[in-house]
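S.K.: Below are the structure tokens for one structure; questions will follow.
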Amino acid sequence: MSIKRYINLMILLLLAVFIIFSVNGAFMGARRAQAFFNSIPMMTFWGVLLFVLIAGFFMYASLRKRFGLMLIHGGCLLVLGGGVLGSEAGFRFFNQLFDQQSFTKGQMTLHQGQSSNRVVSEMEDSINELPFAVRLEKAFVEYYDEPAIRLHFGDAMHFMIPSQVGEKIEIPDGRGTVQIITAYKNFKMKQVDGQRIPYDSDGPESNPAYQLTITLAGGKPETLFVFERFPMHAMPGKIYSAEYVAPQIVKDYKSDLQVVKDGELVKQATIEVNKPLFYGGFHFYQHTFSYDQLGADQRHYGGIRPGCPACISGLRSDFHRSAEALLSEAFYEKVRHQRHERVAG
Amino acid sequence: MIIKPDIQGYLIYSTMLGYLTVLLMALKYPKQAKVLFVSSFLVSSAALIYRWSVVGHLPMQNMFEVFLFLGFCIWPIHIFSKKILRTNHSVLMMIDGAIGVVVLFPAGFIFNHHPQFLPPALQYWLFGPHVAAYMLAYIFMTKAAVFALGGLILSSRNMPSNNTMADSGYQLIAAGFPLLTLGLFLGSIWGKYAWGDWWGWDPKELWSLVCWLVYVLYLHVRFAWPRRQQIHNVLNIIGLVCIIITLLWVNLSKLFPGLHNYTS
Ligand code: HEM
């Protein structure tokens with residue numbers, strides 16, 4: 001009887017200590033808390049907790065007989081046990097035991113059109129190779145809001161219009177009209193009979209642009225282009241300029257992925273946040289997204305490769321046959337590819 | 001203080017007024033209070049549905065919506081508690097009316113209600129059930145703490161009903177604890193899909209773990225020392241304090257500079 005009293009007190013003590021550790025961890029911030037809970041001294045704590053939980057099943061008949069109690073304690077046992085085995089320390093242990101190279105998490109950075117089977121493991125900073133390659137077909141962002149175009153006039157007046165091809169819009173104060181003539185998803189120039197002609201390419205890159213016609217009161221129609229990726233130019237001799245106001249409220253980041261094994265396409269999927277691709281024991285998560293740095297040749301629109309590299313993090317665990325990956329805080333930051341100040345709205 | 005002079009605001013304020021009147025009328029006019037309670041619930045449902053139609057997604061994304069939803073949970077949980085508790089119905093209506101006013105106050109007067117777009121990480125079907133399980137659990141735990149406080153006050157005045165107070169507190173925690181566990185469980189499944197990990201050790205997660213552990217401790221203290229009702233009551237109240245910290249952590253954490261928190 002008295003041994004049960006000690007176990008009871010032991011349970012209370014363990015729970016109280018766990019609470020104190022957790023409050024302490026909450027003040028450390030995620031990174032340090034993770035290191036703390038995975039440290040060697042903490043392993044002792046997890047071990048004792050597991051041991052007492054298992055001992056409880058032998059000591060207390062009610063834990064075996066009452067279904068609800070069995071469920072909650074069995075569940076705790078599974079979560080704790082799984083947590084220990086699936087931790088980095090657990091992986092290291094089994095790697096040594098079975099002389100293998102499993103890892104818990106890792107990261108791949110792919111540019112559009114690129115494929116790779118190399119994963120940078122978070123655990124050992126080592127590079128691991130997957131038994132298949134992942135190819136990034138296309139990476140893209142979807143927005144809730146639409147792009148817009150803002151006209152600036154010399155006297156600091158500015159005016160926004162929605163980015164829809166269509167009717168002439170009056171500029172306030174009777175300054176004239178503006179009209180969007182063409183929308184380009186992937187603006188390129190080609191030479192036809194010695195003339196440079198803009199066209200919409202169906203290549204995988206993207207280079208959003210609009211062609212406008214602006215007619216100042218009493219003037220002739222004039223053509224100009226605005227580009228998402230290129231800042232507004234001051235146009236010599238003009239009293240106005242126009243800029244592309246990129247959409248800002250991200251709805252989703254997506255990547256079209258292909259899994260290639262032995263030269264054959266074995267799986268194809270579009271991943272997005274909350275929707276990883278699962279193949280061969282690994283999950284591949286949409287992790288970050290960014291645009292390539294623009295080259296020095298900004299002036300040659302046709303020559304630019306605004307490729308969208310997407311970074312996917314994939315994981316491998318030979319041991320569990322399921323993989324984990326990570327999505328960092330960076331993800332919550334808005335993708336900043338527009339260089340212009342933007343007025344909300 | 002933000003007053004909301006629009007449909008959303010009026011719906012919230014009339015629900016609060018309804019709950020307040022329930023609180024005041026419950027002892028003398030229990031029948032009328034009962035009808036008024038149901039009507040206030042209908043108004044709070046209207047407030048929730050209106051918000052849903054404005055934002056176009058399940059309204060549980062930010063603090064305003066969370067408190068709005070808490071206000072909506074009051075009556076359903078009242079009906080459930082009436083079934084499991086032996087407490088006098090009028091007293092239960094008073095307690096629930098009071099909790100209703102308190103949880104709707106932040107929605108009515110503190111947090112702003114600018115509609116927001118759902119960011120990518122929240123677009124997952126478990127998001128709704130995860131938050132809903134927590135909100136239901138929170139209402140149960142709040143009510144449990146009210147009974148615990150009642151027990152402490154009564155026993156400090158040497159009044160006898162302490163027993164039933166601590167008992168009601170336990171009944172409510174026994175109902176709320178599985179929901180709390182469910183919330184934690186669904187959250188970790190969602191975490192697996194959103195960041196690829198079941199558990200991330202970030203402050204908000206750790207606080208929700210602390211809440212859960214305090215109730216686990218409560219249950220085991222109750223098993224180890226069945227008669228120490230004062231200790232049960234104190235732990236019960238500590239549980240609610242932890243819930244409040246968890247719920248407001250993103251806001252509170254600004255008091256502790258240097259903490260990183262991606263939910264902010
Ligand atoms: C550390 C090892 C643990 C041991 C040895 C243990 C043992 C026990 C025992 C002996 C009981 C009383 C059963 C009865 O009423 O006859 C109990 C109750 C309970 N335990 Fe644990 N427990 C442990 C940890 C946990 C944990 C981590 C949880 C987390 C959920 C938990 C949840 C519960 C619940 C919900 C009850 C029911 C209390 C009630 O019905 O009043 N236990 N436990």
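Residue numbers start at 1 in each chain; chains themselves are named A, B, ... in the order of the structure tokens; ligands are numbered from 1 in the order shown.
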Kindly determine which residues of chain B lie within 9 Å of chain A, considering only C-alpha atoms, and give the answer as a count of residues only.
M.R.: 44
S.K.: Extract the full set of helix (DSSP H, G or I) residues from region 28-215 of chain B according to DSSP on the backbone, and format it as a VMD selection string.
M.R.: chain B and resid 30 to 55 63 to 84 89 to 110 120 to 122 127 to 156 162 to 194 203 to 215
S.K.: Extract, using only C-alpha atoms, all DNA, RNA and protein residues at most 10 Å from Arg92 (chain A), discarding same-chain residues fewer than 4 positions from it, and format them as an MDAnalysis selection string.
M.R.: chainID A and resid 85:88 96:97 99:104 123:124
S.K.: Report the distance between CA of Glu146 (chain A) and CA of Ser163 (chain A) in Å, rounded to one decimal place.
M.R.: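 Result for CA of Glu146 (chain A) versus CA of Ser163 (chain A): 7.3 Å, one decimal.
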S.K.: Do you know which residues are at most 12 Å from Asp173 (chain A) counting only C-alpha atoms, after dropping those on the same chain fewer than 6 positions away, and could you put them as a ChimeraX atom specification?
M.R.: /A:153,157-159,216-217
S.K.: Would you save the residues of that selection, restricted to all heavy atoms, as an mmCIF file, in the first residue's frame?
M.R.:
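This is the output file part.cif:
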data_model
loop_
_atom_site.group_PDB
_atom_site.id
_atom_site.type_symbol
_atom_site.label_atom_id
_atom_site.label_comp_id
_atom_site.auth_asym_id
_atom_site.auth_seq_id
_atom_site.Cartn_x
_atom_site.Cartn_y
_atom_site.Cartn_z
ATOM 1 N N PHE A 153 1.937 62.296 -61.143
ATOM 2 C CA PHE A 153 2.131 63.521 -61.926
ATOM 3 C C PHE A 153 3.157 64.395 -61.238
ATOM 4 O O PHE A 153 3.409 64.245 -60.033
ATOM 5 C CB PHE A 153 0.807 64.254 -62.094
ATOM 6 C CG PHE A 153 -0.107 63.540 -63.054
ATOM 7 C CD1 PHE A 153 -0.939 62.537 -62.601
ATOM 8 C CD2 PHE A 153 -0.076 63.831 -64.411
ATOM 9 C CE1 PHE A 153 -1.748 61.839 -63.476
ATOM 10 C CE2 PHE A 153 -0.884 63.135 -65.293
ATOM 11 C CZ PHE A 153 -1.721 62.142 -64.821
ATOM 12 N N MET A 157 0.503 64.778 -57.552
ATOM 13 C CA MET A 157 -0.807 64.137 -57.565
ATOM 14 C C MET A 157 -0.617 62.691 -58.034
ATOM 15 O O MET A 157 0.208 62.426 -58.906
ATOM 16 C CB MET A 157 -1.707 64.909 -58.542
ATOM 17 C CG MET A 157 -3.124 64.419 -58.622
ATOM 18 S SD MET A 157 -3.290 63.012 -59.713
ATOM 19 C CE MET A 157 -4.878 63.276 -60.378
ATOM 20 N N HIS A 158 -1.285 61.749 -57.386
ATOM 21 C CA HIS A 158 -1.280 60.412 -57.979
ATOM 22 C C HIS A 158 -2.660 59.790 -57.967
ATOM 23 O O HIS A 158 -3.553 60.212 -57.248
ATOM 24 C CB HIS A 158 -0.224 59.499 -57.378
ATOM 25 C CG HIS A 158 -0.183 59.495 -55.894
ATOM 26 N ND1 HIS A 158 -1.000 58.722 -55.142
ATOM 27 C CD2 HIS A 158 0.596 60.203 -55.028
ATOM 28 C CE1 HIS A 158 -0.733 58.929 -53.868
ATOM 29 N NE2 HIS A 158 0.219 59.826 -53.766
ATOM 30 N N PHE A 159 -2.783 58.721 -58.767
ATOM 31 C CA PHE A 159 -4.093 58.221 -59.127
ATOM 32 C C PHE A 159 -3.956 56.732 -59.416
ATOM 33 O O PHE A 159 -3.079 56.314 -60.157
ATOM 34 C CB PHE A 159 -4.542 59.004 -60.381
ATOM 35 C CG PHE A 159 -5.822 58.531 -60.984
ATOM 36 C CD1 PHE A 159 -6.982 58.483 -60.222
ATOM 37 C CD2 PHE A 159 -5.876 58.148 -62.323
ATOM 38 C CE1 PHE A 159 -8.174 58.055 -60.785
ATOM 39 C CE2 PHE A 159 -7.072 57.717 -62.885
ATOM 40 C CZ PHE A 159 -8.220 57.678 -62.113
ATOM 41 N N LEU A 216 -3.189 62.890 -72.530
ATOM 42 C CA LEU A 216 -3.336 64.092 -71.717
ATOM 43 C C LEU A 216 -4.284 65.049 -72.418
ATOM 44 O O LEU A 216 -4.389 65.038 -73.651
ATOM 45 C CB LEU A 216 -1.980 64.759 -71.504
ATOM 46 C CG LEU A 216 -1.013 63.951 -70.646
ATOM 47 C CD1 LEU A 216 0.280 64.718 -70.453
ATOM 48 C CD2 LEU A 216 -1.617 63.603 -69.296
ATOM 49 N N ALA A 217 -4.978 65.856 -71.653
ATOM 50 C CA ALA A 217 -5.927 66.800 -72.240
ATOM 51 C C ALA A 217 -5.223 67.631 -73.306
ATOM 52 O O ALA A 217 -4.175 68.216 -73.054
ATOM 53 C CB ALA A 217 -6.499 67.692 -71.152
#
S.K.: List the neighbours of Val120 (chain A) out to 6 Å using only C-alpha atoms; skip same-chain residues closer than 5 positions along the sequence, and give me the result as a ChimeraX atom specification.
M.R.: /A:106-107,126-127
S.K.: Go ahead and write the selection's residues with C-alpha atoms as a PDB file, in the first residue's frame.
M.R.:
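Listing of result-v1.pdb after writing:
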ATOM      1  CA  GLY A 106      16.139  18.605 -44.108  1.00  0.00           C
ATOM      2  CA  GLN A 107      15.852  21.170 -46.782  1.00  0.00           C
ATOM      3  CA  SER A 126      25.225  16.724 -43.755  1.00  0.00           C
ATOM      4  CA  ILE A 127      23.933  16.141 -47.262  1.00  0.00           C
TER       5      ILE A 127
END
S.K.: Find the spatial neighbours of Leu68 (chain B), counting only C-alpha atoms, within a cut-off of 7 Å - ignore same-chain residues fewer than 6 positions away - and output them as a VMD selection string.
M.R.: chain B and resid 48 104 107
S.K.: Hey, could you make a per-residue contact list for chain A against ligand 1 with 6 Å as the cut-off, showing the nearest pair of atoms and its distance in Å to one decimal, counting only C-alpha atoms and all ligand atoms, sorted by chain and number, as a Markdown table?
M.R.:
| residue | atom | partner | partner_atom_place_in_ligand_line | distance |
| --- | --- | --- | --- | --- |
| A:Ile11 | CA | ligand 1 | 1 (C) | 4.9 |
| A:Leu49 | CA | ligand 1 | 1 (C) | 5.3 |
| A:Val52 | CA | ligand 1 | 2 (C) | 4.9 |
| A:Leu53 | CA | ligand 1 | 2 (C) | 3.6 |
| A:Gly56 | CA | ligand 1 | 5 (C) | 3.8 |
| A:Tyr60 | CA | ligand 1 | 10 (C) | 5.5 |
| A:Ser62 | CA | ligand 1 | 16 (O) | 4.7 |
| A:Leu63 | CA | ligand 1 | 13 (C) | 5.9 |
| A:Leu69 | CA | ligand 1 | 36 (C) | 5.9 |
| A:Ile72 | CA | ligand 1 | 30 (C) | 5.5 |
| A:His73 | CA | ligand 1 | 42 (N) | 5.6 |
| A:Cys76 | CA | ligand 1 | 27 (C) | 5.7 |
S.K.: Please produce a file of the residues just selected, as an mmCIF file, in the first residue's frame, where the atoms kept are C-alpha atoms.
M.R.:
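After the write, result.cif holds the following:
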data_model
loop_
_atom_site.group_PDB
_atom_site.id
_atom_site.type_symbol
_atom_site.label_atom_id
_atom_site.label_comp_id
_atom_site.auth_asym_id
_atom_site.auth_seq_id
_atom_site.Cartn_x
_atom_site.Cartn_y
_atom_site.Cartn_z
ATOM 1 C CA ILE A 11 3.467 11.240 -10.361
ATOM 2 C CA LEU A 49 8.290 9.764 -16.887
ATOM 3 C CA VAL A 52 6.588 5.644 -14.100
ATOM 4 C CA LEU A 53 3.856 5.569 -16.718
ATOM 5 C CA GLY A 56 1.591 2.584 -13.412
ATOM 6 C CA TYR A 60 -2.906 0.126 -10.842
ATOM 7 C CA SER A 62 -7.866 0.632 -12.914
ATOM 8 C CA LEU A 63 -5.478 1.797 -15.649
ATOM 9 C CA LEU A 69 -8.113 5.634 -18.219
ATOM 10 C CA ILE A 72 -5.507 8.439 -21.982
ATOM 11 C CA HIS A 73 -2.517 6.772 -20.317
ATOM 12 C CA CYS A 76 0.481 9.426 -23.340
#
S.K.: For Val54 (chain B), which residue among B:Leu235, B:Met94, B:Ile7, B:Cys73 is the nearest when counting only C-alpha atoms?
M.R.: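 Answer, going by the shortest atom-to-atom distance: B:Ile7.
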S.K.: What gap, in Å, lies between CA of Ile231 (chain B) and CA of Ala175 (chain B)?
M.R.: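 Those two atoms sit 19.8 Å apart.
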S.K.: From the set B:Phe109, B:Pro30, B:Gly97, B:Gly56, which residue has the shortest atom-to-atom contact distance to Gly18 (chain B), counting only C-alpha atoms?
M.R.: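 Distance minimum relative to Gly18 (chain B) lands on B:Gly97.
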S.K.: Of the candidates B:Gly108, B:Gly100, B:Gln61, B:Val55, which one gets nearest to Tyr13 (chain B) if we count only C-alpha atoms?
M.R.: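 Between B:Gly108, B:Gly100, B:Gln61, B:Val55, the residue approaching Tyr13 (chain B) most closely is B:Gly108.
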S.K.: Neighbours of region 146-149 of chain B within 7 Å (only C-alpha atoms; same-chain residues fewer than 3 positions away dropped), as a VMD selection string?
M.R.: chain B and resid 142 to 143 152 to 153 165 to 166 168 to 169 233 236 to 237
S.K.: Those residues you just picked out, can you put them in a file as a PDB file, in the first residue's frame with all heavy atoms?
M.R.:
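Generated file (selection.pdb):
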ATOM      1  N   THR B 142     -13.603  27.596 -17.417  1.00  0.00           N
ATOM      2  CA  THR B 142     -13.934  28.867 -16.762  1.00  0.00           C
ATOM      3  C   THR B 142     -15.018  28.647 -15.714  1.00  0.00           C
ATOM      4  O   THR B 142     -14.924  29.111 -14.576  1.00  0.00           O
ATOM      5  CB  THR B 142     -14.439  29.884 -17.808  1.00  0.00           C
ATOM      6  OG1 THR B 142     -13.478  29.968 -18.850  1.00  0.00           O
ATOM      7  CG2 THR B 142     -14.651  31.250 -17.194  1.00  0.00           C
ATOM      8  N   LYS B 143     -16.037  27.898 -16.121  1.00  0.00           N
ATOM      9  CA  LYS B 143     -17.134  27.643 -15.198  1.00  0.00           C
ATOM     10  C   LYS B 143     -16.629  26.829 -13.997  1.00  0.00           C
ATOM     11  O   LYS B 143     -17.009  27.099 -12.853  1.00  0.00           O
ATOM     12  CB  LYS B 143     -18.246  26.890 -15.937  1.00  0.00           C
ATOM     13  CG  LYS B 143     -19.603  27.153 -15.349  1.00  0.00           C
ATOM     14  CD  LYS B 143     -20.678  26.368 -16.035  1.00  0.00           C
ATOM     15  CE  LYS B 143     -20.743  26.621 -17.539  1.00  0.00           C
ATOM     16  NZ  LYS B 143     -21.970  26.037 -18.108  1.00  0.00           N
ATOM     17  N   LEU B 152     -13.918  28.113  -2.366  1.00  0.00           N
ATOM     18  CA  LEU B 152     -12.924  28.747  -1.497  1.00  0.00           C
ATOM     19  C   LEU B 152     -13.575  29.816  -0.622  1.00  0.00           C
ATOM     20  O   LEU B 152     -13.303  29.908   0.580  1.00  0.00           O
ATOM     21  CB  LEU B 152     -11.812  29.375  -2.348  1.00  0.00           C
ATOM     22  CG  LEU B 152     -10.795  28.428  -2.966  1.00  0.00           C
ATOM     23  CD1 LEU B 152      -9.733  29.199  -3.733  1.00  0.00           C
ATOM     24  CD2 LEU B 152     -10.139  27.568  -1.890  1.00  0.00           C
ATOM     25  N   ILE B 153     -14.448  30.621  -1.252  1.00  0.00           N
ATOM     26  CA  ILE B 153     -15.082  31.704  -0.498  1.00  0.00           C
ATOM     27  C   ILE B 153     -15.987  31.135   0.592  1.00  0.00           C
ATOM     28  O   ILE B 153     -15.914  31.547   1.752  1.00  0.00           O
ATOM     29  CB  ILE B 153     -15.879  32.627  -1.448  1.00  0.00           C
ATOM     30  CG1 ILE B 153     -14.905  33.384  -2.362  1.00  0.00           C
ATOM     31  CG2 ILE B 153     -16.739  33.603  -0.651  1.00  0.00           C
ATOM     32  CD1 ILE B 153     -15.567  34.143  -3.467  1.00  0.00           C
ATOM     33  N   MET B 165     -19.501  22.348  -4.280  1.00  0.00           N
ATOM     34  CA  MET B 165     -18.780  23.281  -5.142  1.00  0.00           C
ATOM     35  C   MET B 165     -17.585  22.587  -5.786  1.00  0.00           C
ATOM     36  O   MET B 165     -17.415  22.598  -7.000  1.00  0.00           O
ATOM     37  CB  MET B 165     -18.285  24.478  -4.329  1.00  0.00           C
ATOM     38  CG  MET B 165     -19.380  25.436  -3.954  1.00  0.00           C
ATOM     39  SD  MET B 165     -19.971  26.277  -5.423  1.00  0.00           S
ATOM     40  CE  MET B 165     -20.977  27.525  -4.683  1.00  0.00           C
ATOM     41  N   ALA B 166     -16.741  21.980  -4.966  1.00  0.00           N
ATOM     42  CA  ALA B 166     -15.558  21.303  -5.485  1.00  0.00           C
ATOM     43  C   ALA B 166     -15.975  20.161  -6.413  1.00  0.00           C
ATOM     44  O   ALA B 166     -15.323  19.898  -7.424  1.00  0.00           O
ATOM     45  CB  ALA B 166     -14.705  20.781  -4.341  1.00  0.00           C
ATOM     46  N   SER B 168     -18.782  20.019  -8.287  1.00  0.00           N
ATOM     47  CA  SER B 168     -19.202  20.565  -9.578  1.00  0.00           C
ATOM     48  C   SER B 168     -17.993  20.957 -10.395  1.00  0.00           C
ATOM     49  O   SER B 168     -17.946  20.741 -11.606  1.00  0.00           O
ATOM     50  CB  SER B 168     -20.098  21.786  -9.376  1.00  0.00           C
ATOM     51  OG  SER B 168     -21.195  21.439  -8.580  1.00  0.00           O
ATOM     52  N   GLY B 169     -16.981  21.546  -9.702  1.00  0.00           N
ATOM     53  CA  GLY B 169     -15.752  21.911 -10.401  1.00  0.00           C
ATOM     54  C   GLY B 169     -15.151  20.692 -11.080  1.00  0.00           C
ATOM     55  O   GLY B 169     -14.750  20.746 -12.249  1.00  0.00           O
ATOM     56  N   ASN B 233      -9.470  23.082  -5.400  1.00  0.00           N
ATOM     57  CA  ASN B 233     -10.002  24.362  -5.860  1.00  0.00           C
ATOM     58  C   ASN B 233      -8.896  25.297  -6.334  1.00  0.00           C
ATOM     59  O   ASN B 233      -9.029  25.966  -7.358  1.00  0.00           O
ATOM     60  CB  ASN B 233     -10.801  25.034  -4.739  1.00  0.00           C
ATOM     61  CG  ASN B 233     -12.136  24.348  -4.523  1.00  0.00           C
ATOM     62  OD1 ASN B 233     -12.660  23.706  -5.443  1.00  0.00           O
ATOM     63  ND2 ASN B 233     -12.696  24.467  -3.337  1.00  0.00           N
ATOM     64  N   ASN B 236      -7.606  24.180  -9.655  1.00  0.00           N
ATOM     65  CA  ASN B 236      -8.628  24.483 -10.634  1.00  0.00           C
ATOM     66  C   ASN B 236      -8.509  25.938 -11.109  1.00  0.00           C
ATOM     67  O   ASN B 236      -8.536  26.222 -12.312  1.00  0.00           O
ATOM     68  CB  ASN B 236      -9.985  24.235  -9.944  1.00  0.00           C
ATOM     69  CG  ASN B 236     -11.158  24.338 -10.861  1.00  0.00           C
ATOM     70  OD1 ASN B 236     -11.085  25.025 -11.864  1.00  0.00           O
ATOM     71  ND2 ASN B 236     -12.244  23.668 -10.523  1.00  0.00           N
ATOM     72  N   ILE B 237      -8.300  26.839 -10.154  1.00  0.00           N
ATOM     73  CA  ILE B 237      -8.187  28.261 -10.511  1.00  0.00           C
ATOM     74  C   ILE B 237      -6.870  28.542 -11.239  1.00  0.00           C
ATOM     75  O   ILE B 237      -6.832  29.292 -12.215  1.00  0.00           O
ATOM     76  CB  ILE B 237      -8.340  29.130  -9.248  1.00  0.00           C
ATOM     77  CG1 ILE B 237      -9.793  29.020  -8.758  1.00  0.00           C
ATOM     78  CG2 ILE B 237      -7.997  30.582  -9.539  1.00  0.00           C
ATOM     79  CD1 ILE B 237     -10.026  29.578  -7.383  1.00  0.00           C
TER      80      ILE B 237
END
